[in-house]
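**Student:** Got a file for you: start.pdb, PDB, C-alpha atoms.
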ATOM      1  CA  MET A   5     -44.129 -32.296  19.544
ATOM      2  CA  GLN A   6     -43.937 -28.494  19.738
ATOM      3  CA  LYS A   7     -41.870 -26.404  22.144
ATOM      4  CA  ILE A   8     -43.169 -26.597  25.727
ATOM      5  CA  ILE A   9     -43.231 -23.283  27.615
ATOM      6  CA  VAL A  10     -43.992 -23.111  31.347
ATOM      7  CA  LYS A  11     -44.165 -19.875  33.332
ATOM      8  CA  SER A  12     -44.477 -20.312  37.112
ATOM      9  CA  PRO A  13     -45.050 -17.610  39.747
ATOM     10  CA  THR A  14     -42.953 -17.225  42.872
ATOM     11  CA  ARG A  15     -44.588 -16.366  46.196
ATOM     12  CA  VAL A  16     -44.678 -14.220  49.301
ATOM     13  CA  ASP A  17     -45.469 -16.115  52.490
ATOM     14  CA  LEU A  18     -47.934 -14.219  54.667
ATOM     15  CA  ALA A  19     -47.910 -16.492  57.734
ATOM     16  CA  GLY A  20     -46.819 -19.909  58.920
ATOM     17  CA  GLY A  21     -43.482 -20.140  57.156
ATOM     18  CA  THR A  22     -41.095 -22.794  58.585
ATOM     19  CA  LEU A  23     -44.114 -24.702  59.964
ATOM     20  CA  ASP A  24     -44.354 -26.478  56.598
ATOM     21  CA  LEU A  25     -41.191 -28.500  57.338
ATOM     22  CA  TRP A  26     -41.862 -32.122  58.232
ATOM     23  CA  PRO A  27     -42.035 -33.028  61.102
ATOM     24  CA  LEU A  28     -42.080 -29.556  62.728
ATOM     25  CA  TYR A  29     -45.841 -29.155  62.316
ATOM     26  CA  LEU A  30     -46.379 -32.470  64.125
ATOM     27  CA  PHE A  31     -44.459 -31.157  67.144
ATOM     28  CA  ILE A  32     -47.192 -28.509  67.600
ATOM     29  CA  ASN A  33     -50.258 -30.623  66.668
ATOM     30  CA  GLY A  34     -50.594 -29.438  63.082
ATOM     31  CA  ALA A  35     -50.261 -26.037  61.464
ATOM     32  CA  SER A  36     -51.409 -23.706  58.698
ATOM     33  CA  THR A  37     -49.446 -21.686  56.165
ATOM     34  CA  VAL A  38     -50.803 -18.784  54.119
ATOM     35  CA  ASN A  39     -48.997 -17.495  51.031
ATOM     36  CA  VAL A  40     -49.743 -15.717  47.776
ATOM     37  CA  ALA A  41     -48.361 -16.182  44.264
ATOM     38  CA  ILE A  42     -46.770 -13.068  42.754
ATOM     39  CA  ASP A  43     -45.940 -11.937  39.218
ATOM     40  CA  VAL A  44     -42.215 -12.605  39.582
ATOM     41  CA  TYR A  45     -41.823 -15.671  37.385
ATOM     42  CA  THR A  46     -39.492 -18.512  36.568
ATOM     43  CA  ASN A  47     -39.450 -19.716  32.968
ATOM     44  CA  VAL A  48     -38.820 -23.101  31.376
ATOM     45  CA  GLU A  49     -38.601 -23.761  27.638
ATOM     46  CA  LEU A  50     -38.249 -27.353  26.420
ATOM     47  CA  THR A  51     -37.789 -28.014  22.700
ATOM     48  CA  PRO A  52     -37.937 -31.693  21.607
ATOM     49  CA  HIS A  53     -35.225 -33.108  19.302
ATOM     50  CA  GLU A  54     -35.485 -35.793  16.664
ATOM     51  CA  ASP A  55     -32.279 -37.408  17.946
ATOM     52  CA  SER A  56     -30.776 -38.180  21.386
ATOM     53  CA  THR A  57     -28.833 -34.914  21.823
ATOM     54  CA  ILE A  58     -29.489 -32.854  24.950
ATOM     55  CA  VAL A  59     -28.771 -29.149  25.432
ATOM     56  CA  LEU A  60     -29.091 -27.657  28.925
ATOM     57  CA  GLU A  61     -29.000 -23.889  29.365
ATOM     58  CA  SER A  62     -29.399 -21.711  32.465
ATOM     59  CA  ALA A  63     -29.729 -18.028  31.639
ATOM     60  CA  ASP A  64     -29.189 -17.095  35.306
ATOM     61  CA  LEU A  65     -25.961 -19.086  35.649
ATOM     62  CA  LYS A  66     -24.885 -18.128  32.108
ATOM     63  CA  VAL A  67     -24.190 -21.793  31.388
ATOM     64  CA  ARG A  68     -24.994 -23.719  28.204
ATOM     65  CA  LYS A  69     -23.890 -27.327  27.675
ATOM     66  CA  ALA A  70     -24.529 -29.823  24.895
ATOM     67  CA  TYR A  71     -24.407 -33.612  25.240
ATOM     68  CA  SER A  72     -24.721 -36.411  22.718
ATOM     69  CA  ASN A  73     -27.135 -38.373  24.921
ATOM     70  CA  LEU A  74     -28.645 -38.758  28.413
ATOM     71  CA  VAL A  75     -25.763 -40.867  29.763
ATOM     72  CA  GLU A  76     -23.263 -38.160  28.870
ATOM     73  CA  ALA A  77     -25.461 -35.453  30.421
ATOM     74  CA  LEU A  78     -25.745 -37.376  33.688
ATOM     75  CA  ALA A  79     -21.976 -37.979  33.791
ATOM     76  CA  ASP A  80     -21.127 -34.244  33.832
ATOM     77  CA  THR A  81     -19.442 -33.360  37.149
ATOM     78  CA  ASP A  82     -20.045 -29.582  36.923
ATOM     79  CA  PRO A  83     -21.847 -28.650  40.196
ATOM     80  CA  GLN A  84     -23.800 -25.943  38.364
ATOM     81  CA  MET A  85     -25.696 -28.653  36.494
ATOM     82  CA  ILE A  86     -26.945 -30.524  39.585
ATOM     83  CA  LEU A  87     -30.492 -29.079  39.531
ATOM     84  CA  LEU A  88     -31.093 -30.101  35.923
ATOM     85  CA  GLN A  89     -29.275 -33.428  36.311
ATOM     86  CA  THR A  90     -31.468 -34.397  39.255
ATOM     87  CA  GLN A  91     -34.525 -33.743  37.112
ATOM     88  CA  LEU A  92     -33.033 -35.911  34.354
ATOM     89  CA  ARG A  93     -32.490 -38.776  36.809
ATOM     90  CA  TYR A  94     -36.078 -38.482  37.965
ATOM     91  CA  TRP A  95     -37.585 -38.452  34.468
ATOM     92  CA  MET A  96     -34.988 -40.447  32.451
ATOM     93  CA  PRO A  97     -36.326 -39.085  29.122
ATOM     94  CA  THR A  98     -35.912 -41.386  26.143
ATOM     95  CA  LYS A  99     -35.645 -38.598  23.552
ATOM     96  CA  GLY A 100     -33.354 -35.609  23.129
ATOM     97  CA  PHE A 101     -34.301 -32.013  23.779
ATOM     98  CA  SER A 102     -33.070 -28.479  24.437
ATOM     99  CA  LEU A 103     -33.914 -26.985  27.825
ATOM    100  CA  LYS A 104     -33.572 -23.324  28.794
ATOM    101  CA  THR A 105     -34.377 -21.927  32.235
ATOM    102  CA  SER A 106     -34.467 -18.409  33.645
ATOM    103  CA  SER A 107     -35.770 -16.631  36.749
ATOM    104  CA  GLU A 108     -36.987 -13.089  37.413
ATOM    105  CA  SER A 109     -36.447 -13.535  41.163
ATOM    106  CA  PRO A 110     -33.244 -12.159  42.705
ATOM    107  CA  VAL A 111     -30.886 -14.899  43.893
ATOM    108  CA  GLY A 112     -31.621 -15.674  47.528
ATOM    109  CA  GLY A 113     -34.651 -13.395  47.417
ATOM    110  CA  GLY A 114     -36.754 -15.499  49.772
ATOM    111  CA  LEU A 115     -39.518 -15.751  47.167
ATOM    112  CA  GLY A 116     -39.258 -19.496  46.577
ATOM    113  CA  GLY A 117     -37.526 -19.027  43.217
ATOM    114  CA  SER A 118     -35.788 -22.410  43.179
ATOM    115  CA  SER A 119     -39.044 -24.135  44.149
ATOM    116  CA  SER A 120     -40.907 -22.281  41.415
ATOM    117  CA  LEU A 121     -38.292 -23.336  38.875
ATOM    118  CA  THR A 122     -38.516 -26.926  40.100
ATOM    119  CA  ILE A 123     -42.291 -26.900  39.564
ATOM    120  CA  GLY A 124     -41.802 -25.436  36.078
ATOM    121  CA  LEU A 125     -39.382 -28.240  35.243
ATOM    122  CA  MET A 126     -41.785 -30.857  36.628
ATOM    123  CA  LYS A 127     -44.641 -29.505  34.509
ATOM    124  CA  ALA A 128     -42.514 -29.350  31.358
ATOM    125  CA  PHE A 129     -41.061 -32.855  31.715
ATOM    126  CA  ALA A 130     -44.439 -34.343  32.680
ATOM    127  CA  GLN A 131     -45.742 -33.112  29.336
ATOM    128  CA  PHE A 132     -42.607 -34.080  27.393
ATOM    129  CA  CYS A 133     -42.437 -37.593  28.865
ATOM    130  CA  ASN A 134     -46.232 -38.036  28.849
ATOM    131  CA  ARG A 135     -46.229 -38.855  32.569
ATOM    132  CA  PRO A 136     -48.846 -36.610  34.187
ATOM    133  CA  PHE A 137     -49.029 -36.281  37.955
ATOM    134  CA  ARG A 138     -52.090 -37.585  39.809
ATOM    135  CA  ASP A 139     -52.703 -34.179  41.390
ATOM    136  CA  VAL A 140     -50.882 -31.122  42.728
ATOM    137  CA  HIS A 141     -49.941 -32.947  45.952
ATOM    138  CA  HIS A 142     -48.179 -35.699  43.981
ATOM    139  CA  MET A 143     -46.188 -33.092  42.046
ATOM    140  CA  VAL A 144     -45.269 -31.149  45.194
ATOM    141  CA  HIS A 145     -44.226 -34.309  47.058
ATOM    142  CA  SER A 146     -41.852 -35.298  44.247
ATOM    143  CA  ALA A 147     -40.542 -31.735  43.821
ATOM    144  CA  HIS A 148     -39.677 -31.259  47.480
ATOM    145  CA  ASN A 149     -37.899 -34.625  47.629
ATOM    146  CA  ILE A 150     -35.839 -33.624  44.594
ATOM    147  CA  GLU A 151     -34.863 -30.299  46.185
ATOM    148  CA  ALA A 152     -34.006 -31.961  49.504
ATOM    149  CA  GLU A 153     -31.544 -34.177  47.650
ATOM    150  CA  ILE A 154     -29.998 -31.207  45.837
ATOM    151  CA  LEU A 155     -29.745 -28.983  48.916
ATOM    152  CA  ASN A 156     -28.864 -31.774  51.345
ATOM    153  CA  THR A 157     -31.072 -30.155  53.973
ATOM    154  CA  PRO A 158     -34.693 -30.428  55.196
ATOM    155  CA  THR A 159     -37.105 -28.657  52.865
ATOM    156  CA  GLY A 160     -40.669 -27.482  53.353
ATOM    157  CA  THR A 161     -43.470 -27.692  50.823
ATOM    158  CA  GLN A 162     -45.316 -24.366  50.941
ATOM    159  CA  ASP A 163     -43.246 -22.770  48.148
ATOM    160  CA  TYR A 164     -44.362 -25.288  45.530
ATOM    161  CA  TYR A 165     -48.129 -24.806  45.808
ATOM    162  CA  PRO A 166     -48.383 -21.182  44.595
ATOM    163  CA  ALA A 167     -45.934 -22.029  41.792
ATOM    164  CA  ALA A 168     -48.236 -24.871  40.743
ATOM    165  CA  SER A 169     -51.610 -23.228  41.352
ATOM    166  CA  GLY A 170     -51.219 -19.444  41.621
ATOM    167  CA  GLY A 171     -53.566 -17.430  43.813
ATOM    168  CA  LEU A 172     -53.673 -17.095  47.578
ATOM    169  CA  ASN A 173     -52.964 -20.474  49.145
ATOM    170  CA  ILE A 174     -54.182 -21.709  52.518
ATOM    171  CA  LEU A 175     -52.289 -24.888  53.367
ATOM    172  CA  ARG A 176     -53.127 -27.085  56.327
ATOM    173  CA  TYR A 177     -50.607 -29.602  57.645
ATOM    174  CA  GLY A 178     -51.710 -32.605  59.702
ATOM    175  CA  TYR A 179     -51.581 -36.352  60.162
ATOM    176  CA  ASP A 180     -53.087 -37.092  56.746
ATOM    177  CA  GLY A 181     -50.752 -34.801  54.846
ATOM    178  CA  ILE A 182     -51.485 -31.414  53.276
ATOM    179  CA  GLN A 183     -54.794 -29.794  52.375
ATOM    180  CA  GLN A 184     -54.776 -26.910  49.902
ATOM    181  CA  GLU A 185     -57.345 -24.195  49.321
ATOM    182  CA  VAL A 186     -56.726 -21.588  46.604
ATOM    183  CA  MET A 187     -58.450 -18.194  46.751
ATOM    184  CA  ASP A 188     -58.873 -15.487  44.130
ATOM    185  CA  VAL A 189     -57.125 -12.209  44.981
ATOM    186  CA  SER A 190     -58.534  -9.991  42.227
ATOM    187  CA  LYS A 191     -61.299  -8.485  44.356
ATOM    188  CA  THR A 192     -59.307  -8.025  47.541
ATOM    189  CA  PRO A 193     -57.332  -5.059  48.956
ATOM    190  CA  LEU A 194     -54.213  -7.248  49.069
ATOM    191  CA  ALA A 195     -52.555  -5.551  46.089
ATOM    192  CA  GLU A 196     -53.308  -2.039  47.419
ATOM    193  CA  LYS A 197     -50.946  -2.259  50.417
ATOM    194  CA  PHE A 198     -48.537  -4.816  48.921
ATOM    195  CA  MET A 199     -44.947  -3.592  48.424
ATOM    196  CA  LEU A 200     -41.988  -5.897  47.842
ATOM    197  CA  ILE A 201     -38.484  -4.596  48.543
ATOM    198  CA  TYR A 202     -35.191  -6.464  48.078
ATOM    199  CA  THR A 203     -32.531  -5.927  50.731
ATOM    200  CA  GLY A 204     -29.726  -6.661  48.270
ATOM    201  CA  LYS A 205     -28.447  -9.477  50.450
ATOM    202  CA  ALA A 206     -29.196 -13.124  49.681
ATOM    203  CA  HIS A 207     -30.841 -15.207  52.397
ATOM    204  CA  HIS A 208     -29.917 -18.724  53.506
ATOM    205  CA  SER A 209     -33.167 -20.597  54.066
ATOM    206  CA  GLY A 210     -31.665 -24.054  54.449
ATOM    207  CA  LEU A 211     -29.255 -22.967  57.177
ATOM    208  CA  ASN A 212     -31.850 -21.022  59.192
ATOM    209  CA  ASN A 213     -34.481 -23.757  58.961
ATOM    210  CA  PHE A 214     -31.978 -26.479  59.862
ATOM    211  CA  GLU A 215     -31.074 -24.666  63.098
ATOM    212  CA  VAL A 216     -34.784 -24.449  63.969
ATOM    213  CA  MET A 217     -35.176 -28.154  63.176
ATOM    214  CA  LYS A 218     -32.269 -29.124  65.452
ATOM    215  CA  ASP A 219     -33.545 -27.001  68.345
ATOM    216  CA  SER A 220     -37.059 -28.419  67.925
ATOM    217  CA  VAL A 221     -35.885 -32.018  67.976
ATOM    218  CA  ALA A 222     -33.891 -31.153  71.120
ATOM    219  CA  LYS A 223     -37.178 -29.873  72.628
ATOM    220  CA  ASP A 224     -35.800 -26.398  73.287
ATOM    221  CA  PRO A 225     -38.672 -24.647  75.153
ATOM    222  CA  GLY A 226     -38.109 -21.241  73.523
ATOM    223  CA  THR A 227     -38.120 -22.721  70.031
ATOM    224  CA  ILE A 228     -41.260 -24.775  70.618
ATOM    225  CA  GLN A 229     -43.073 -21.740  72.086
ATOM    226  CA  ALA A 230     -42.086 -19.583  69.104
ATOM    227  CA  LEU A 231     -43.404 -22.272  66.737
ATOM    228  CA  ARG A 232     -46.685 -22.401  68.680
ATOM    229  CA  ASP A 233     -46.952 -18.612  68.475
ATOM    230  CA  LEU A 234     -46.346 -18.714  64.712
ATOM    231  CA  LYS A 235     -49.076 -21.346  64.446
ATOM    232  CA  VAL A 236     -51.599 -19.121  66.252
ATOM    233  CA  ILE A 237     -50.666 -16.119  64.086
ATOM    234  CA  ALA A 238     -51.052 -18.222  60.913
ATOM    235  CA  ILE A 239     -54.516 -19.412  61.984
ATOM    236  CA  GLU A 240     -55.559 -15.814  62.696
ATOM    237  CA  THR A 241     -54.170 -14.760  59.302
ATOM    238  CA  GLU A 242     -56.158 -17.529  57.635
ATOM    239  CA  HIS A 243     -59.336 -16.311  59.359
ATOM    240  CA  ALA A 244     -58.590 -12.693  58.400
ATOM    241  CA  VAL A 245     -58.203 -13.413  54.679
ATOM    242  CA  ARG A 246     -61.199 -15.752  54.624
ATOM    243  CA  SER A 247     -63.447 -13.130  56.221
ATOM    244  CA  GLY A 248     -61.974 -10.234  54.234
ATOM    245  CA  ASN A 249     -60.617  -8.475  57.320
ATOM    246  CA  TRP A 250     -57.500  -7.300  55.488
ATOM    247  CA  ASN A 251     -56.880  -4.453  57.918
ATOM    248  CA  GLU A 252     -55.893  -7.032  60.537
ATOM    249  CA  LEU A 253     -52.844  -8.103  58.530
ATOM    250  CA  GLY A 254     -50.620  -5.212  59.620
ATOM    251  CA  ASN A 255     -50.814  -6.203  63.289
ATOM    252  CA  LEU A 256     -50.455  -9.892  62.411
ATOM    253  CA  PHE A 257     -47.298  -9.143  60.403
ATOM    254  CA  LYS A 258     -45.836  -7.285  63.410
ATOM    255  CA  ARG A 259     -46.539 -10.252  65.671
ATOM    256  CA  GLU A 260     -45.147 -12.658  63.081
ATOM    257  CA  PHE A 261     -41.920 -10.650  62.819
ATOM    258  CA  GLU A 262     -41.441 -10.711  66.601
ATOM    259  CA  ALA A 263     -42.138 -14.444  66.906
ATOM    260  CA  ARG A 264     -39.924 -15.316  63.941
ATOM    261  CA  VAL A 265     -36.910 -13.428  65.301
ATOM    262  CA  ARG A 266     -37.523 -15.137  68.651
ATOM    263  CA  LEU A 267     -37.449 -18.452  66.814
ATOM    264  CA  ALA A 268     -33.989 -17.629  65.464
ATOM    265  CA  PRO A 269     -32.341 -14.183  65.493
ATOM    266  CA  GLU A 270     -30.747 -15.051  62.131
ATOM    267  CA  PHE A 271     -34.142 -14.554  60.463
ATOM    268  CA  SER A 272     -33.460 -10.837  60.722
ATOM    269  CA  SER A 273     -30.345  -8.956  59.604
ATOM    270  CA  PRO A 274     -28.924  -5.410  59.712
ATOM    271  CA  GLU A 275     -30.369  -4.820  56.238
ATOM    272  CA  ILE A 276     -33.836  -6.019  57.258
ATOM    273  CA  ARG A 277     -33.776  -3.919  60.437
ATOM    274  CA  ARG A 278     -32.749  -0.823  58.465
ATOM    275  CA  LEU A 279     -35.380  -1.433  55.785
ATOM    276  CA  SER A 280     -38.024  -1.927  58.464
ATOM    277  CA  GLU A 281     -37.023   1.272  60.256
ATOM    278  CA  LEU A 282     -37.151   3.344  57.053
ATOM    279  CA  SER A 283     -40.484   1.877  55.968
ATOM    280  CA  LEU A 284     -42.214   2.475  59.284
ATOM    281  CA  GLN A 285     -40.812   6.007  59.560
ATOM    282  CA  ASN A 286     -42.272   6.881  56.162
ATOM    283  CA  GLY A 287     -45.802   5.584  56.707
ATOM    284  CA  ALA A 288     -45.764   1.789  56.320
ATOM    285  CA  GLU A 289     -47.888  -0.175  58.780
ATOM    286  CA  ALA A 290     -45.720  -3.286  59.088
ATOM    287  CA  VAL A 291     -43.034  -5.374  57.425
ATOM    288  CA  LYS A 292     -42.978  -9.120  56.820
ATOM    289  CA  ILE A 293     -39.787 -11.139  56.363
ATOM    290  CA  CYS A 294     -40.041 -13.291  53.215
ATOM    291  CA  GLY A 295     -39.011 -16.922  53.454
ATOM    292  CA  ALA A 296     -36.374 -17.782  56.051
ATOM    293  CA  GLY A 297     -35.037 -14.238  56.162
ATOM    294  CA  GLY A 298     -31.501 -13.259  57.001
ATOM    295  CA  GLY A 299     -31.687 -11.174  53.825
ATOM    296  CA  GLY A 300     -33.719 -11.536  50.664
ATOM    297  CA  CYS A 301     -36.969  -9.640  50.158
ATOM    298  CA  VAL A 302     -39.297  -8.012  52.646
ATOM    299  CA  LEU A 303     -43.027  -7.443  52.222
ATOM    300  CA  VAL A 304     -43.871  -3.897  53.271
ATOM    301  CA  TRP A 305     -47.529  -3.436  54.218
ATOM    302  CA  CYS A 306     -48.228   0.160  53.318
ATOM    303  CA  PRO A 307     -51.285   2.381  52.638
ATOM    304  CA  PRO A 308     -51.326   3.410  48.952
ATOM    305  CA  GLU A 309     -50.910   7.105  49.746
ATOM    306  CA  ASN A 310     -47.638   6.411  51.603
ATOM    307  CA  LYS A 311     -46.063   4.069  49.070
ATOM    308  CA  LYS A 312     -44.107   6.752  47.212
ATOM    309  CA  GLY A 313     -42.521   8.074  50.393
ATOM    310  CA  VAL A 314     -41.527   4.580  51.484
ATOM    311  CA  ALA A 315     -40.215   3.687  48.033
ATOM    312  CA  ASP A 316     -38.154   6.899  47.749
ATOM    313  CA  ALA A 317     -36.608   6.453  51.212
ATOM    314  CA  CYS A 318     -35.762   2.795  50.609
ATOM    315  CA  GLN A 319     -34.274   3.412  47.161
ATOM    316  CA  LYS A 320     -32.193   6.288  48.516
ATOM    317  CA  ALA A 321     -30.797   3.851  51.114
ATOM    318  CA  GLY A 322     -29.803   1.408  48.358
ATOM    319  CA  PHE A 323     -32.695  -1.028  48.560
ATOM    320  CA  GLN A 324     -34.495  -2.250  45.426
ATOM    321  CA  VAL A 325     -38.244  -1.628  45.200
ATOM    322  CA  MET A 326     -39.800  -4.381  43.091
ATOM    323  CA  GLY A 327     -43.004  -3.778  41.163
ATOM    324  CA  ALA A 328     -44.446  -7.140  42.154
ATOM    325  CA  LYS A 329     -48.116  -7.830  42.813
ATOM    326  CA  PRO A 330     -50.268 -10.862  43.680
ATOM    327  CA  VAL A 331     -51.639 -13.068  40.901
ATOM    328  CA  ASN A 332     -54.861 -15.049  40.625
ATOM    329  CA  PRO A 333     -55.187 -18.846  40.467
ATOM    330  CA  LEU A 334     -53.672 -20.286  37.290
TER     331      LEU A 334
END
With the file now loaded, output its structure as structure tokens.
**Tutor:**
Amino acid sequence: MQKIIVKSPTRVDLAGGTLDLWPLYLFINGASTVNVAIDVYTNVELTPHEDSTIVLESADLKVRKAYSNLVEALADTDPQMILLQTQLRYWMPTKGFSLKTSSESPVGGGLGGSSSLTIGLMKAFAQFCNRPFRDVHHMVHSAHNIEAEILNTPTGTQDYYPAASGGLNILRYGYDGIQQEVMDVSKTPLAEKFMLIYTGKAHHSGLNNFEVMKDSVAKDPGTIQALRDLKVIAIETEHAVRSGNWNELGNLFKREFEARVRLAPEFSSPEIRRLSELSLQNGAEAVKICGAGGGGCVLVWCPPENKKGVADACQKAGFQVMGAKPVNPL
């Protein structure tokens, strides 16, 4: 068998983030999430061996370890190896291999980098072990259970779909599970106003989402209302992208920002507030917190003619302008 190479996109969530956590969407009678895959990738390379030896390497963690067999690899107590070890326990490969992973996403960027990497690993091992998934939902279900074990916190599922499928994803959550629709973005204005800027501060999605989960289970009225508002905004965003009314997104992003900070003030941060202020002052229409916020990246919705002014102001303030853009279905 030849080397297996898997390249998976990360994503920017446009609306409905947090609503993808089970059972939050059931508390508000179902929900939608809209996100788009972007050309910030995670990479997995798996090279089969003739013997039982296993080599695990993470370029991001600058860690490389060699083991004589699977038992020895699973016995390693180094916490940095937990992501790869959990995959090994899931797949239990019968042959040796070398595995190298890397990510283009900044750590804690709010772009679903760990979920993208998990999907890349699932695709690579499915091919290596000759155990294909039934469909994308089967792969996502397994991936999010694996990450929940690693993170020891509730995890959503929206991050995995763009990593698996690319494109603009409309995800509907209800009693029967998840429905996915993937749209092409090549003939849309999405890329024209799309700017991605990194605050320089990592976010903490598990912590923020767990607080929302606790308040929701406790039936906190403010939390439930904010979730309902996010649901309405996500449905309107879905209708806007379906009908090609892209000019509506700026106002929807503003409403989403307000509702999300109402859901939990920790979704924002001094860095996000400063970045938002600079962007709007220099001609951006709106900003959108990526992921669970508190740091990470921010989507700046900006007319093309104002992008340079926004980029210059943000870079001068120490923020990192990323040259990311949406990608089509894989």
**Student:** Which residue is closest to Pro333 (chain A)? Choose from A:Ile174, A:Met187, A:Ala244, A:Ala238 and count all atoms listed in the file.
**Tutor:**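 Result for the nearest residue to Pro333 (chain A): A:Met187.
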**Student:** What gap, in Å, lies between CA of Ile201 (chain A) and CA of Lys320 (chain A)?
**Tutor:**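 About the pair CA of Ile201 (chain A) and CA of Lys320 (chain A): they are 12.6 Å apart.
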**Student:** Given the PyMOL selection byres ((chain A and resi 239) around 12) and the file above, list the residues it selects as an MDAnalysis selection string.
**Tutor:** chainID A and resid 18:20 23 34:38 174:177 232:238 240:246 253 256 260
**Student:** With only C-alpha atoms as the basis for distance, which of A:Phe132, A:Trp305, A:Trp95, A:Tyr45 is at the shortest distance from Asn251 (chain A)?
**Tutor:**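 Going through A:Phe132, A:Trp305, A:Trp95, A:Tyr45 one by one, the smallest distance to Asn251 (chain A) is for A:Trp305.
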**Student:** Take CA of Thr81 (chain A) and CA of Lys66 (chain A) and report the distance between them in Å, one decimal.
**Tutor:** 16.9 Å
**Student:** Can you list, as a ChimeraX atom specification, every protein, DNA or RNA residue that comes within 10 Å of Leu88 (chain A) when you count all atoms listed in the file, leaving out same-chain residues fewer than 2 positions away?
**Tutor:** /A:60-62,77-78,84-86,90-94,103,105,122,125
**Student:** The PyMOL selection byres ((chain A and resi 27) around 12) - which residues does that actually catch in the file I just gave you? List them as a list in words.
**Tutor:**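 Against this file, the PyMOL selection byres ((chain A and resi 27) around 12) returns the residues Thr22, Leu23, Asp24, Leu25, Trp26, Leu28, Tyr29, Leu30, Phe31, Ile32, Asn33, Gly34, Ala35, Pro158, Thr159, Gly160, Thr161, Tyr177, Gly178, Tyr179, Gly181, Val216, Met217, Lys218, Ser220 and Val221 of chain A.
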**Student:** Considering all atoms listed in the file, state which residue in the set A:Arg278, A:Arg15, A:His142, A:Lys7 is at the smallest distance from Leu115 (chain A).
**Tutor:**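 With all atoms listed in the file as the atom set, the closest residue is A:Arg15.
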**Student:** Around region 251-265 of chain A, fit a box with edges along x, y and z, padding it by 3 Å on each side, then list its centre and edge lengths in Å to one decimal as AutoDock Vina command-line options.
**Tutor:**
--center_x -46.9 --center_y -9.9 --center_z 62.4 --size_x 26.0 --size_y 16.9 --size_z 15.0
**Student:** As an mmCIF file, keeping the file's coordinate frame, please: region 111-125 of chain A completed to N, CA and C atoms.
**Tutor:**
data_model
loop_
_atom_site.group_PDB
_atom_site.id
_atom_site.type_symbol
_atom_site.label_atom_id
_atom_site.label_comp_id
_atom_site.auth_asym_id
_atom_site.auth_seq_id
_atom_site.Cartn_x
_atom_site.Cartn_y
_atom_site.Cartn_z
ATOM 1 N N VAL A 111 -31.465 -13.728 43.247
ATOM 2 C CA VAL A 111 -30.886 -14.899 43.893
ATOM 3 C C VAL A 111 -30.968 -14.730 45.405
ATOM 4 N N GLY A 112 -31.476 -15.767 46.086
ATOM 5 C CA GLY A 112 -31.621 -15.674 47.528
ATOM 6 C C GLY A 112 -32.643 -14.652 47.959
ATOM 7 N N GLY A 113 -33.662 -14.428 47.132
ATOM 8 C CA GLY A 113 -34.651 -13.395 47.417
ATOM 9 C C GLY A 113 -35.693 -13.776 48.448
ATOM 10 N N GLY A 114 -35.750 -15.068 48.815
ATOM 11 C CA GLY A 114 -36.754 -15.499 49.772
ATOM 12 C C GLY A 114 -38.145 -15.608 49.188
ATOM 13 N N LEU A 115 -38.222 -15.680 47.857
ATOM 14 C CA LEU A 115 -39.518 -15.751 47.167
ATOM 15 C C LEU A 115 -39.842 -17.150 46.666
ATOM 16 N N GLY A 116 -39.022 -18.130 47.042
ATOM 17 C CA GLY A 116 -39.258 -19.496 46.577
ATOM 18 C C GLY A 116 -38.905 -19.676 45.117
ATOM 19 N N GLY A 117 -37.889 -18.962 44.633
ATOM 20 C CA GLY A 117 -37.526 -19.027 43.217
ATOM 21 C C GLY A 117 -37.080 -20.404 42.774
ATOM 22 N N SER A 118 -36.256 -21.075 43.574
ATOM 23 C CA SER A 118 -35.788 -22.410 43.179
ATOM 24 C C SER A 118 -36.939 -23.403 43.170
ATOM 25 N N SER A 119 -37.879 -23.246 44.117
ATOM 26 C CA SER A 119 -39.044 -24.135 44.149
ATOM 27 C C SER A 119 -39.957 -23.889 42.953
ATOM 28 N N SER A 120 -40.107 -22.612 42.589
ATOM 29 C CA SER A 120 -40.907 -22.281 41.415
ATOM 30 C C SER A 120 -40.295 -22.877 40.157
ATOM 31 N N LEU A 121 -38.971 -22.770 40.031
ATOM 32 C CA LEU A 121 -38.292 -23.336 38.875
ATOM 33 C C LEU A 121 -38.434 -24.850 38.853
ATOM 34 N N THR A 122 -38.347 -25.474 40.023
ATOM 35 C CA THR A 122 -38.516 -26.926 40.100
ATOM 36 C C THR A 122 -39.899 -27.338 39.616
ATOM 37 N N ILE A 123 -40.926 -26.595 40.025
ATOM 38 C CA ILE A 123 -42.291 -26.900 39.564
ATOM 39 C C ILE A 123 -42.398 -26.704 38.056
ATOM 40 N N GLY A 124 -41.784 -25.648 37.526
ATOM 41 C CA GLY A 124 -41.802 -25.436 36.078
ATOM 42 C C GLY A 124 -41.163 -26.595 35.333
ATOM 43 N N LEU A 125 -40.053 -27.087 35.861
ATOM 44 C CA LEU A 125 -39.382 -28.240 35.243
ATOM 45 C C LEU A 125 -40.260 -29.486 35.322
#
